[in-house]
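Participant: You'll find protein_23.cif just under this line, and it carries mmCIF, C-alpha atoms and all ligand atoms.
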data_input
loop_
_atom_site.label_atom_id
_atom_site.label_comp_id
_atom_site.auth_asym_id
_atom_site.auth_seq_id
_atom_site.Cartn_x
_atom_site.Cartn_y
_atom_site.Cartn_z
CA MET L 1 20.34 -43.09 -7.62
CA THR L 2 20.43 -45.84 -5.04
CA THR L 3 23.28 -48.30 -4.95
CA PRO L 4 22.06 -51.87 -5.53
CA ARG L 5 22.33 -54.01 -2.48
CA THR L 6 25.00 -56.65 -2.91
CA THR L 7 25.12 -58.13 0.60
CA PRO L 8 22.33 -60.53 1.56
CA ALA L 9 19.93 -59.43 4.26
CA PRO L 10 21.10 -60.77 7.61
CA THR L 11 19.44 -63.96 8.81
CA ALA L 12 19.70 -65.61 12.22
CA PRO L 13 22.84 -67.77 12.22
CA ALA L 14 22.14 -71.51 12.31
CA PRO L 15 23.34 -72.83 15.66
CA ALA L 16 26.43 -74.95 15.15
CA ASP L 17 25.78 -78.67 15.62
CA ALA L 18 22.12 -78.03 16.38
CA ARG L 19 21.16 -81.59 15.51
CA CYS L 20 22.40 -84.74 17.13
CA GLY L 21 24.71 -85.53 14.15
CA GLU L 22 26.65 -88.49 15.51
CA LEU L 23 23.38 -90.08 16.60
CA ALA L 24 21.44 -89.55 13.33
CA GLY L 25 19.49 -92.66 12.41
CA ARG L 26 20.12 -94.28 15.80
CA ALA L 27 17.27 -95.62 17.91
CA PHE L 28 16.61 -94.11 21.32
CA THR L 29 14.37 -94.94 24.28
CA LYS L 30 13.07 -92.41 26.80
CA GLY L 31 12.37 -93.57 30.34
CA HIS L 32 12.26 -92.46 33.95
CA GLY L 33 12.42 -93.69 37.52
CA THR L 34 10.26 -91.57 39.86
CA GLY L 35 10.58 -88.64 37.47
CA ASN L 36 14.36 -88.82 37.07
CA ASP L 37 14.38 -89.06 33.27
CA PHE L 38 16.88 -90.41 30.80
CA VAL L 39 17.51 -90.89 27.11
CA LEU L 40 18.86 -94.39 26.46
CA VAL L 41 20.93 -95.46 23.46
CA THR L 42 22.17 -98.97 22.70
CA ASP L 43 25.73 -99.02 21.37
CA PRO L 44 27.04 -102.57 22.03
CA ARG L 45 30.47 -102.03 20.48
CA ALA L 46 31.02 -98.49 21.86
CA GLU L 47 31.17 -96.97 18.39
CA LEU L 48 29.64 -93.62 19.31
CA GLU L 49 31.73 -90.57 20.22
CA LEU L 50 29.62 -89.10 23.02
CA ASP L 51 31.24 -85.71 23.46
CA PRO L 52 29.75 -83.49 26.22
CA GLY L 53 28.24 -81.05 23.70
CA LEU L 54 26.30 -83.83 21.97
CA VAL L 55 24.99 -85.22 25.27
CA ALA L 56 23.92 -81.72 26.37
CA ARG L 57 22.08 -81.19 23.05
CA VAL L 58 20.22 -84.49 23.36
CA CYS L 59 19.26 -83.68 26.98
CA ASP L 60 18.21 -80.09 26.20
CA ARG L 61 14.53 -79.80 27.17
CA HIS L 62 13.68 -77.28 24.46
CA ARG L 63 15.87 -78.21 21.50
CA GLY L 64 16.59 -81.88 22.19
CA LEU L 65 14.76 -84.91 23.56
CA GLY L 66 15.17 -83.66 27.10
CA GLY L 67 16.44 -85.62 30.07
CA ASP L 68 18.34 -85.46 33.35
CA GLY L 69 20.92 -87.68 31.73
CA LEU L 70 21.88 -89.91 28.83
CA ILE L 71 22.58 -93.61 29.34
CA ARG L 72 24.46 -95.67 26.78
CA ALA L 73 24.12 -99.47 26.91
CA VAL L 74 27.52 -100.86 25.95
CA ARG L 75 28.93 -104.37 26.21
CA SER L 76 31.43 -104.26 29.10
CA GLU L 77 34.14 -105.77 26.89
CA ALA L 78 33.92 -102.73 24.57
CA LEU L 79 35.05 -100.15 27.16
CA PRO L 80 38.28 -100.15 29.20
CA GLU L 81 36.37 -99.45 32.45
CA GLY L 82 33.99 -102.32 31.61
CA ARG L 83 36.78 -104.77 30.74
CA GLU L 84 38.37 -104.06 34.12
CA LEU L 85 35.26 -105.41 35.87
CA LEU L 86 34.97 -108.59 33.82
CA GLY L 87 37.88 -110.34 35.59
CA ALA L 88 35.99 -110.46 38.90
CA ALA L 89 32.49 -110.44 37.36
CA PRO L 90 32.53 -112.22 33.98
CA ASP L 91 28.71 -112.25 33.94
CA ALA L 92 28.49 -108.41 33.95
CA GLU L 93 27.93 -108.41 30.18
CA TRP L 94 26.37 -104.93 29.93
CA PHE L 95 27.84 -101.66 31.16
CA MET L 96 25.81 -98.56 32.07
CA ASP L 97 27.69 -95.60 30.57
CA TYR L 98 25.99 -92.69 32.36
CA ARG L 99 26.26 -89.00 31.44
CA ASN L 100 24.65 -86.05 33.23
CA ASN L 101 22.47 -83.58 31.34
CA ASP L 102 25.43 -81.14 31.00
CA GLY L 103 27.51 -83.86 29.32
CA SER L 104 29.68 -84.71 32.34
CA VAL L 105 30.38 -88.35 33.16
CA ALA L 106 29.15 -89.66 36.52
CA GLU L 107 30.16 -92.82 38.30
CA MET L 108 26.71 -93.99 39.24
CA CYS L 109 22.99 -93.38 38.91
CA GLY L 110 20.59 -95.31 41.15
CA ASN L 111 17.38 -94.51 39.28
CA GLY L 112 19.27 -94.93 36.03
CA VAL L 113 20.25 -98.55 36.77
CA ARG L 114 16.59 -99.60 37.07
CA VAL L 115 15.64 -97.80 33.86
CA PHE L 116 18.73 -99.26 32.15
CA VAL L 117 17.77 -102.82 33.11
CA GLN L 118 14.17 -102.26 31.98
CA HIS L 119 15.58 -101.03 28.65
CA LEU L 120 17.82 -104.11 28.25
CA VAL L 121 14.87 -106.39 29.01
CA GLU L 122 12.48 -104.64 26.63
CA GLU L 123 15.11 -104.60 23.87
CA GLY L 124 15.46 -108.37 24.30
CA LEU L 125 19.13 -108.01 25.21
CA VAL L 126 18.80 -109.81 28.57
CA THR L 127 16.24 -111.92 30.39
CA VAL L 128 15.78 -111.65 34.14
CA PRO L 129 13.44 -114.41 35.33
CA GLU L 130 11.57 -113.92 38.62
CA GLY L 131 13.89 -114.76 41.53
CA GLU L 132 17.08 -114.37 39.47
CA VAL L 133 19.47 -111.43 39.28
CA LEU L 134 21.34 -109.53 36.59
CA ARG L 135 24.81 -108.06 37.10
CA ILE L 136 25.55 -104.70 35.52
CA GLY L 137 28.88 -102.92 35.11
CA THR L 138 29.08 -99.26 36.18
CA ARG L 139 31.94 -96.84 36.88
CA ALA L 140 31.25 -97.42 40.59
CA GLY L 141 31.64 -101.21 40.19
CA VAL L 142 29.28 -104.11 39.53
CA ARG L 143 25.66 -103.75 40.65
CA THR L 144 23.25 -106.66 41.16
CA VAL L 145 19.63 -106.12 40.13
CA GLY L 146 16.52 -108.24 40.75
CA ARG L 147 12.81 -107.86 40.12
CA THR L 148 10.36 -106.59 42.72
CA ARG L 149 6.56 -106.51 42.49
CA SER L 150 6.59 -102.99 41.09
CA GLY L 151 10.03 -102.50 39.59
CA TRP L 152 13.63 -103.37 40.40
CA ALA L 153 15.82 -103.64 43.50
CA VAL L 154 19.50 -102.79 43.12
CA ASP L 155 22.30 -103.73 45.49
CA MET L 156 24.12 -100.39 45.45
CA GLY L 157 27.12 -101.68 47.43
CA PRO L 158 28.38 -100.08 50.65
CA TRP L 159 27.85 -96.44 51.60
CA THR L 160 30.84 -94.51 52.96
CA PHE L 161 31.66 -91.36 54.90
CA LEU L 162 33.56 -89.20 52.43
CA ASP L 163 35.34 -87.42 55.27
CA GLY L 164 35.69 -90.44 57.58
CA GLU L 165 36.59 -89.48 61.10
CA ALA L 166 35.40 -85.86 61.13
CA ALA L 167 31.96 -86.99 60.04
CA ARG L 168 31.83 -89.89 62.46
CA SER L 169 32.71 -87.78 65.51
CA ARG L 170 30.85 -84.53 64.73
CA GLY L 171 27.99 -85.79 62.52
CA SER L 172 28.88 -83.20 59.92
CA ASP L 173 31.88 -82.30 57.80
CA ALA L 174 30.65 -79.43 55.62
CA VAL L 175 28.30 -76.45 55.57
CA VAL L 176 25.77 -75.71 52.85
CA SER L 177 24.15 -72.42 51.84
CA ALA L 178 21.14 -72.39 49.53
CA GLY L 179 18.36 -70.08 48.40
CA GLY L 180 15.60 -70.10 51.02
CA LEU L 181 17.91 -70.96 53.93
CA GLN L 182 18.51 -68.08 56.35
CA VAL L 183 21.89 -69.38 57.51
CA PRO L 184 24.35 -72.01 56.27
CA ARG L 185 23.53 -75.49 57.59
CA PRO L 186 25.84 -78.31 58.71
CA ALA L 187 25.98 -81.24 56.30
CA LEU L 188 27.32 -84.78 56.03
CA SER L 189 29.22 -86.04 52.98
CA ILE L 190 28.29 -89.56 51.94
CA GLY L 191 29.72 -91.68 49.11
CA MET L 192 27.46 -93.95 47.09
CA GLY L 193 29.99 -94.51 44.32
CA ASN L 194 29.30 -90.83 43.54
CA PRO L 195 29.50 -87.91 46.01
CA HIS L 196 26.60 -86.58 48.09
CA THR L 197 26.21 -83.88 50.73
CA VAL L 198 23.17 -84.30 52.97
CA VAL L 199 21.59 -81.42 54.90
CA ALA L 200 18.87 -82.00 57.53
CA LEU L 201 16.07 -79.43 57.85
CA ALA L 202 13.66 -79.29 60.75
CA GLU L 203 10.36 -78.75 58.97
CA GLY L 204 8.74 -79.71 55.72
CA GLU L 205 7.86 -76.08 55.19
CA LYS L 206 11.54 -75.17 54.86
CA LEU L 207 11.97 -77.91 52.29
CA ASP L 208 9.21 -76.42 50.15
CA GLN L 209 10.71 -72.94 50.50
CA LEU L 210 14.13 -73.90 49.12
CA GLU L 211 15.10 -72.19 45.91
CA LEU L 212 17.18 -74.71 43.98
CA THR L 213 17.35 -73.11 40.55
CA THR L 214 20.87 -72.06 41.54
CA ALA L 215 23.31 -74.59 42.93
CA PRO L 216 23.74 -74.74 46.72
CA VAL L 217 27.21 -73.66 47.89
CA VAL L 218 29.13 -76.35 49.79
CA ARG L 219 32.14 -75.48 51.99
CA PRO L 220 34.74 -76.90 51.90
CA GLU L 221 34.14 -77.10 48.18
CA PRO L 222 34.36 -80.74 47.00
CA GLY L 223 36.98 -81.05 44.26
CA ASP L 224 34.76 -83.07 41.92
CA GLY L 225 31.50 -81.32 42.86
CA THR L 226 28.69 -82.99 44.75
CA ASN L 227 24.98 -83.79 44.69
CA VAL L 228 23.20 -81.98 47.54
CA GLU L 229 20.21 -83.53 49.31
CA PHE L 230 17.95 -81.61 51.71
CA VAL L 231 16.02 -83.94 53.99
CA VAL L 232 13.25 -83.67 56.53
CA PRO L 233 12.96 -86.77 58.70
CA GLY L 234 9.38 -87.97 59.14
CA ASP L 235 7.60 -88.43 62.47
CA GLY L 236 7.18 -91.77 64.14
CA ASP L 237 8.49 -95.11 62.93
CA ASP L 238 5.83 -97.33 64.56
CA ASP L 239 6.08 -99.86 61.76
CA GLY L 240 9.90 -99.99 62.00
CA VAL L 241 10.28 -98.13 58.71
CA GLY L 242 12.05 -94.76 58.68
CA ARG L 243 10.71 -91.98 56.49
CA VAL L 244 12.29 -88.88 54.99
CA ARG L 245 11.21 -86.22 52.53
CA MET L 246 13.95 -85.06 50.21
CA ARG L 247 14.74 -82.50 47.54
CA VAL L 248 17.95 -82.72 45.57
CA HIS L 249 20.20 -80.54 43.48
CA GLU L 250 22.21 -82.89 41.28
CA ARG L 251 25.76 -82.27 40.14
CA GLY L 252 25.76 -81.75 36.37
CA VAL L 253 21.97 -81.41 36.18
CA GLY L 254 20.23 -79.06 38.65
CA GLU L 255 17.15 -79.83 40.71
CA THR L 256 15.65 -83.17 39.70
CA GLN L 257 12.42 -84.95 40.62
CA SER L 258 14.37 -87.80 42.18
CA CYS L 259 17.87 -89.16 42.72
CA GLY L 260 18.40 -92.82 43.62
CA THR L 261 21.93 -92.53 44.97
CA GLY L 262 20.76 -89.34 46.72
CA ALA L 263 17.93 -91.24 48.41
CA CYS L 264 20.46 -93.84 49.63
CA ALA L 265 22.75 -91.08 50.95
CA ALA L 266 19.80 -89.29 52.60
CA ALA L 267 18.70 -92.49 54.35
CA ALA L 268 22.29 -93.32 55.40
CA ALA L 269 22.84 -89.85 56.90
CA THR L 270 19.45 -89.73 58.65
CA ARG L 271 19.98 -93.21 60.06
CA PHE L 272 23.46 -92.25 61.26
CA TRP L 273 22.12 -89.10 62.94
CA GLY L 274 19.35 -91.22 64.53
CA GLY L 275 21.94 -93.37 66.34
CA ALA L 276 21.59 -96.95 67.56
CA GLY L 277 18.07 -98.24 67.10
CA ALA L 278 17.41 -96.26 63.90
CA PRO L 279 15.61 -98.45 61.35
CA ASP L 280 17.29 -100.43 58.57
CA GLN L 281 14.45 -99.84 56.17
CA TRP L 282 13.52 -96.39 54.82
CA LEU L 283 11.01 -94.83 52.48
CA VAL L 284 12.34 -91.72 50.80
CA GLU L 285 9.71 -89.40 49.39
CA VAL L 286 10.94 -87.24 46.53
CA PRO L 287 8.99 -84.81 44.31
CA GLY L 288 8.63 -87.59 41.68
CA GLY L 289 7.46 -90.42 43.96
CA THR L 290 8.85 -92.73 46.62
CA VAL L 291 11.79 -95.14 46.62
CA SER L 292 12.76 -97.63 49.28
CA VAL L 293 16.22 -97.94 50.82
CA THR L 294 17.27 -100.91 52.96
CA PHE L 295 20.56 -101.50 54.76
CA VAL L 296 21.58 -105.16 54.69
CA PRO L 297 24.60 -107.15 55.84
CA ALA L 298 26.36 -108.44 52.72
CA PRO L 299 28.44 -111.60 52.18
CA ASP L 300 31.58 -109.42 51.82
CA GLY L 301 31.15 -108.37 55.49
CA ALA L 302 30.24 -104.77 54.63
CA GLU L 303 26.81 -103.20 55.02
CA HIS L 304 25.19 -102.74 51.62
CA VAL L 305 22.40 -100.40 50.54
CA VAL L 306 19.52 -101.83 48.51
CA LEU L 307 17.53 -99.30 46.49
CA ALA L 308 14.13 -100.30 45.11
CA GLY L 309 11.68 -98.41 42.93
CA PRO L 310 9.91 -98.30 39.60
CA ALA L 311 11.29 -97.95 36.07
CA GLU L 312 9.10 -96.83 33.19
CA LEU L 313 9.90 -96.60 29.51
CA VAL L 314 7.70 -94.02 27.83
CA ALA L 315 8.88 -93.63 24.22
CA ARG L 316 11.01 -95.07 21.44
CA GLY L 317 12.18 -93.27 18.33
CA THR L 318 14.97 -92.46 15.94
CA PHE L 319 17.30 -89.45 15.99
CA ALA L 320 16.83 -87.16 12.98
N1 LIG N 401 20.08 -89.23 39.31
C1 LIG N 401 21.08 -90.15 39.65
C2 LIG N 401 22.45 -89.59 39.93
C3 LIG N 401 23.09 -89.10 38.64
C4 LIG N 401 24.54 -88.68 38.77
C5 LIG N 401 24.75 -87.43 39.58
N2 LIG N 401 24.15 -86.27 39.01
C6 LIG N 401 26.26 -87.20 39.77
O1 LIG N 401 26.85 -86.39 39.06
O2 LIG N 401 26.85 -87.87 40.63
C7 LIG N 401 20.62 -91.18 40.65
O3 LIG N 401 19.45 -91.58 40.55
O4 LIG N 401 21.41 -91.69 41.44
#
For this file, produce the structure as structure tokens.
Ligand SMILES: N[C@@H](CCC[C@H](N)C(=O)O)C(=O)O

Facilitator:
Amino acid sequence: MTTPRTTPAPTAPAPADARCGELAGRAFTKGHGTGNDFVLVTDPRAELELDPGLVARVCDRHRGLGGDGLIRAVRSEALPEGRELLGAAPDAEWFMDYRNNDGSVAEMCGNGVRVFVQHLVEEGLVTVPEGEVLRIGTRAGVRTVGRTRSGWAVDMGPWTFLDGEAARSRGSDAVVSAGGLQVPRPALSIGMGNPHTVVALAEGEKLDQLELTTAPVVRPEPGDGTNVEFVVPGDGDDDGVGRVRMRVHERGVGETQSCGTGACAAAAATRFWGGAGAPDQWLVEVPGGTVSVTFVPAPDGAEHVVLAGPAELVARGTFA
């Protein structure tokens, strides 16, 4: 006689928190800037609890909406880091709360700002007439954004050497190893509100041969991690415009099609290596398109970096 089966046949366990619970019923927008793609959520009063696991589930390319990051549009007054900015910039009504695809918080996202502003405009939350600017709060400070013929231009503030004097005197302050590179290469650490490490390669061929599915190793290891840009300077600047090709491995994401702050860092490093006479205007070609980077004297006496490029919204929906 066979004993009746009392235990249920095993089934695959349901993954914990598989859905985007906290976001259920909320509207989202999907957009990108030169292939750097984001999920955008409007949460004016900062009511959502965006824990890293939730952000990672939303950004998962197989089980979520998919994205290099998640951007929450919050009124600056609703977040402590936004309120801090309002004293000096009372017109910075909206704050870009940016999260990387792995759920980590980042200070700044250059492509994200353009997509964020496009989202605010299309949601009817702001108007930006031709010739006027909008001020946006970010964890890297206030950013000023204006329209261009084909997108938005963002004053990204000053660029900095992250390792001041060493970088200035030697032209490099770190070494980077990566798949496809025979030997570790010297690199320059540049701050754009967030950290970047820029490596120059001699030929385009080497750029195409890089294997960036695993993170490049940077020594000395930056405490908060870094975004790593590999650049190949272009030939000839007859028109006074510098050109670079770039691939990037982003902190908290992996290889992306584009990185706005990375393009600014790549142009700043290449211009620094080029010495006096290097152009102030640059076109940075990334796998997802081209962005422009211009170095301008600013009223505060510092040199600012202006990043310009497109922003496209591709979908709207509701979280299940
Ligand atoms: N893609 C962004 C940069 C996003 C943040 C970055 N991964 C970090 O952790 O600093 C850009 O367009 O600038």

Participant: Around ligand LIG 401 (chain N), out to 9 Å and counting all atoms listed in the file, which residues are there? I want them as a PyMOL selection string.

Facilitator: chain L and resi 33+36-37+68-69+98-101+104-113+192-196+225-227+249-254+256-264

Participant: Write out as JSON, numbers by chain which residues come within 6 Å of Thr144 (chain L) when counting all atoms listed in the file, dropping same-chain ones fewer than 6 positions away.

Facilitator: {"L": [134, 135, 154, 155]}

Participant: Ala174 (chain L): which residues within 10 Å, counting all atoms listed in the file, same-chain residues fewer than 5 positions away excluded, as a PyMOL selection string?

Facilitator: chain L and resi 163+166-167+184-189+197-199+218-222

Participant: Restricting the calculation to all atoms listed in the file: of L:Gly137, L:Gly277, L:Gly191, L:Gly180, which residue gets closest to Pro80 (chain L)?

Facilitator: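 Ranking L:Gly137, L:Gly277, L:Gly191, L:Gly180 by distance to Pro80 (chain L), first place goes to L:Gly137.
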
Participant: Adding 6 Å on each side of the box along x, y and z that holds all listed atoms of region 175-190 of chain L, could you give its centre and edge lengths in Å to one decimal, as JSON?

Facilitator:
{"center_x": 22.4, "center_y": -78.8, "center_z": 53.6, "size_x": 25.6, "size_y": 33.5, "size_z": 22.3}

Participant: If we count all atoms listed in the file and set the cut-off at 12 Å, which residues sit around region 89-93 of chain L, ignoring sequence neighbours fewer than 4 positions away in its own chain? Please answer as a list in words.

Facilitator: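 Result of the neighbour search: Pro44, Arg45, Ala73, Val74, Arg75, Ser76, Glu77, Ala78, Leu79, Gly82, Arg83, Glu84, Leu85, Val117, Leu120, Leu125, Val126, Val133, Leu134, Arg135, Ile136, Gly137, Thr138, Gly141, Val142, Arg143, Thr144 and Val145 of chain L.
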
Participant: Skipping near chain neighbours, those fewer than 6 positions away, what residues fall within 9 Å of Phe116 (chain L) using all atoms listed in the file, listed as a PDB file with C-alpha atoms, in the coordinates of the input?

Facilitator:
ATOM      1  CA  GLY L  31      12.370 -93.570  30.340  1.00  0.00           C
ATOM      2  CA  LEU L  40      18.860 -94.390  26.460  1.00  0.00           C
ATOM      3  CA  ILE L  71      22.580 -93.610  29.340  1.00  0.00           C
ATOM      4  CA  ARG L  72      24.460 -95.670  26.780  1.00  0.00           C
ATOM      5  CA  ALA L  73      24.120 -99.470  26.910  1.00  0.00           C
ATOM      6  CA  MET L  96      25.810 -98.560  32.070  1.00  0.00           C
ATOM      7  CA  ALA L 311      11.290 -97.950  36.070  1.00  0.00           C
TER       8      ALA L 311
END

Participant: Output region 234-254 of chain L as a compact mmCIF listing (two decimals), keeping the file's coordinate frame, making sure N, CA and C atoms are there.

Facilitator:
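File out.txt, as written:
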# COMPACT_ATOMS: atom_id res chain seq x y z
N GLY L 234 10.80 -87.87 58.82
CA GLY L 234 9.38 -87.97 59.14
C GLY L 234 9.16 -88.28 60.61
N ASP L 235 7.91 -88.12 61.07
CA ASP L 235 7.60 -88.43 62.47
C ASP L 235 7.25 -89.90 62.61
N GLY L 236 7.66 -90.44 63.74
CA GLY L 236 7.18 -91.77 64.14
C GLY L 236 7.57 -92.89 63.18
N ASP L 237 8.11 -93.94 63.74
CA ASP L 237 8.49 -95.11 62.93
C ASP L 237 7.82 -96.34 63.54
N ASP L 238 6.52 -96.24 63.85
CA ASP L 238 5.83 -97.33 64.56
C ASP L 238 5.96 -98.66 63.85
N ASP L 239 6.00 -98.60 62.51
CA ASP L 239 6.08 -99.86 61.76
C ASP L 239 7.53 -100.29 61.52
N GLY L 240 8.49 -99.61 62.15
CA GLY L 240 9.90 -99.99 62.00
C GLY L 240 10.50 -99.51 60.69
N VAL L 241 9.78 -98.66 59.97
CA VAL L 241 10.28 -98.13 58.71
C VAL L 241 10.53 -96.63 58.88
N GLY L 242 11.75 -96.19 58.59
CA GLY L 242 12.05 -94.76 58.68
C GLY L 242 11.53 -94.03 57.44
N ARG L 243 11.22 -92.76 57.62
CA ARG L 243 10.71 -91.98 56.49
C ARG L 243 11.42 -90.63 56.40
N VAL L 244 11.75 -90.23 55.20
CA VAL L 244 12.29 -88.88 54.99
C VAL L 244 11.67 -88.28 53.73
N ARG L 245 11.52 -86.96 53.77
CA ARG L 245 11.21 -86.22 52.53
C ARG L 245 12.50 -85.59 52.05
N MET L 246 12.66 -85.53 50.74
CA MET L 246 13.95 -85.06 50.21
C MET L 246 13.76 -84.23 48.95
N ARG L 247 14.56 -83.17 48.84
CA ARG L 247 14.74 -82.50 47.54
C ARG L 247 16.23 -82.53 47.23
N VAL L 248 16.55 -82.53 45.95
CA VAL L 248 17.95 -82.72 45.57
C VAL L 248 18.34 -81.76 44.46
N HIS L 249 19.57 -81.28 44.58
CA HIS L 249 20.20 -80.54 43.48
C HIS L 249 21.34 -81.42 43.00
N GLU L 250 21.21 -81.94 41.78
CA GLU L 250 22.21 -82.89 41.28
C GLU L 250 23.37 -82.20 40.57
N ARG L 251 24.56 -82.68 40.86
CA ARG L 251 25.76 -82.27 40.14
C ARG L 251 25.53 -82.52 38.64
N GLY L 252 25.85 -81.55 37.82
CA GLY L 252 25.76 -81.75 36.37
C GLY L 252 24.35 -81.72 35.81
N VAL L 253 23.36 -81.41 36.66
CA VAL L 253 21.97 -81.41 36.18
C VAL L 253 21.19 -80.20 36.70
N GLY L 254 21.11 -80.05 38.03
CA GLY L 254 20.23 -79.06 38.65
C GLY L 254 19.23 -79.79 39.53
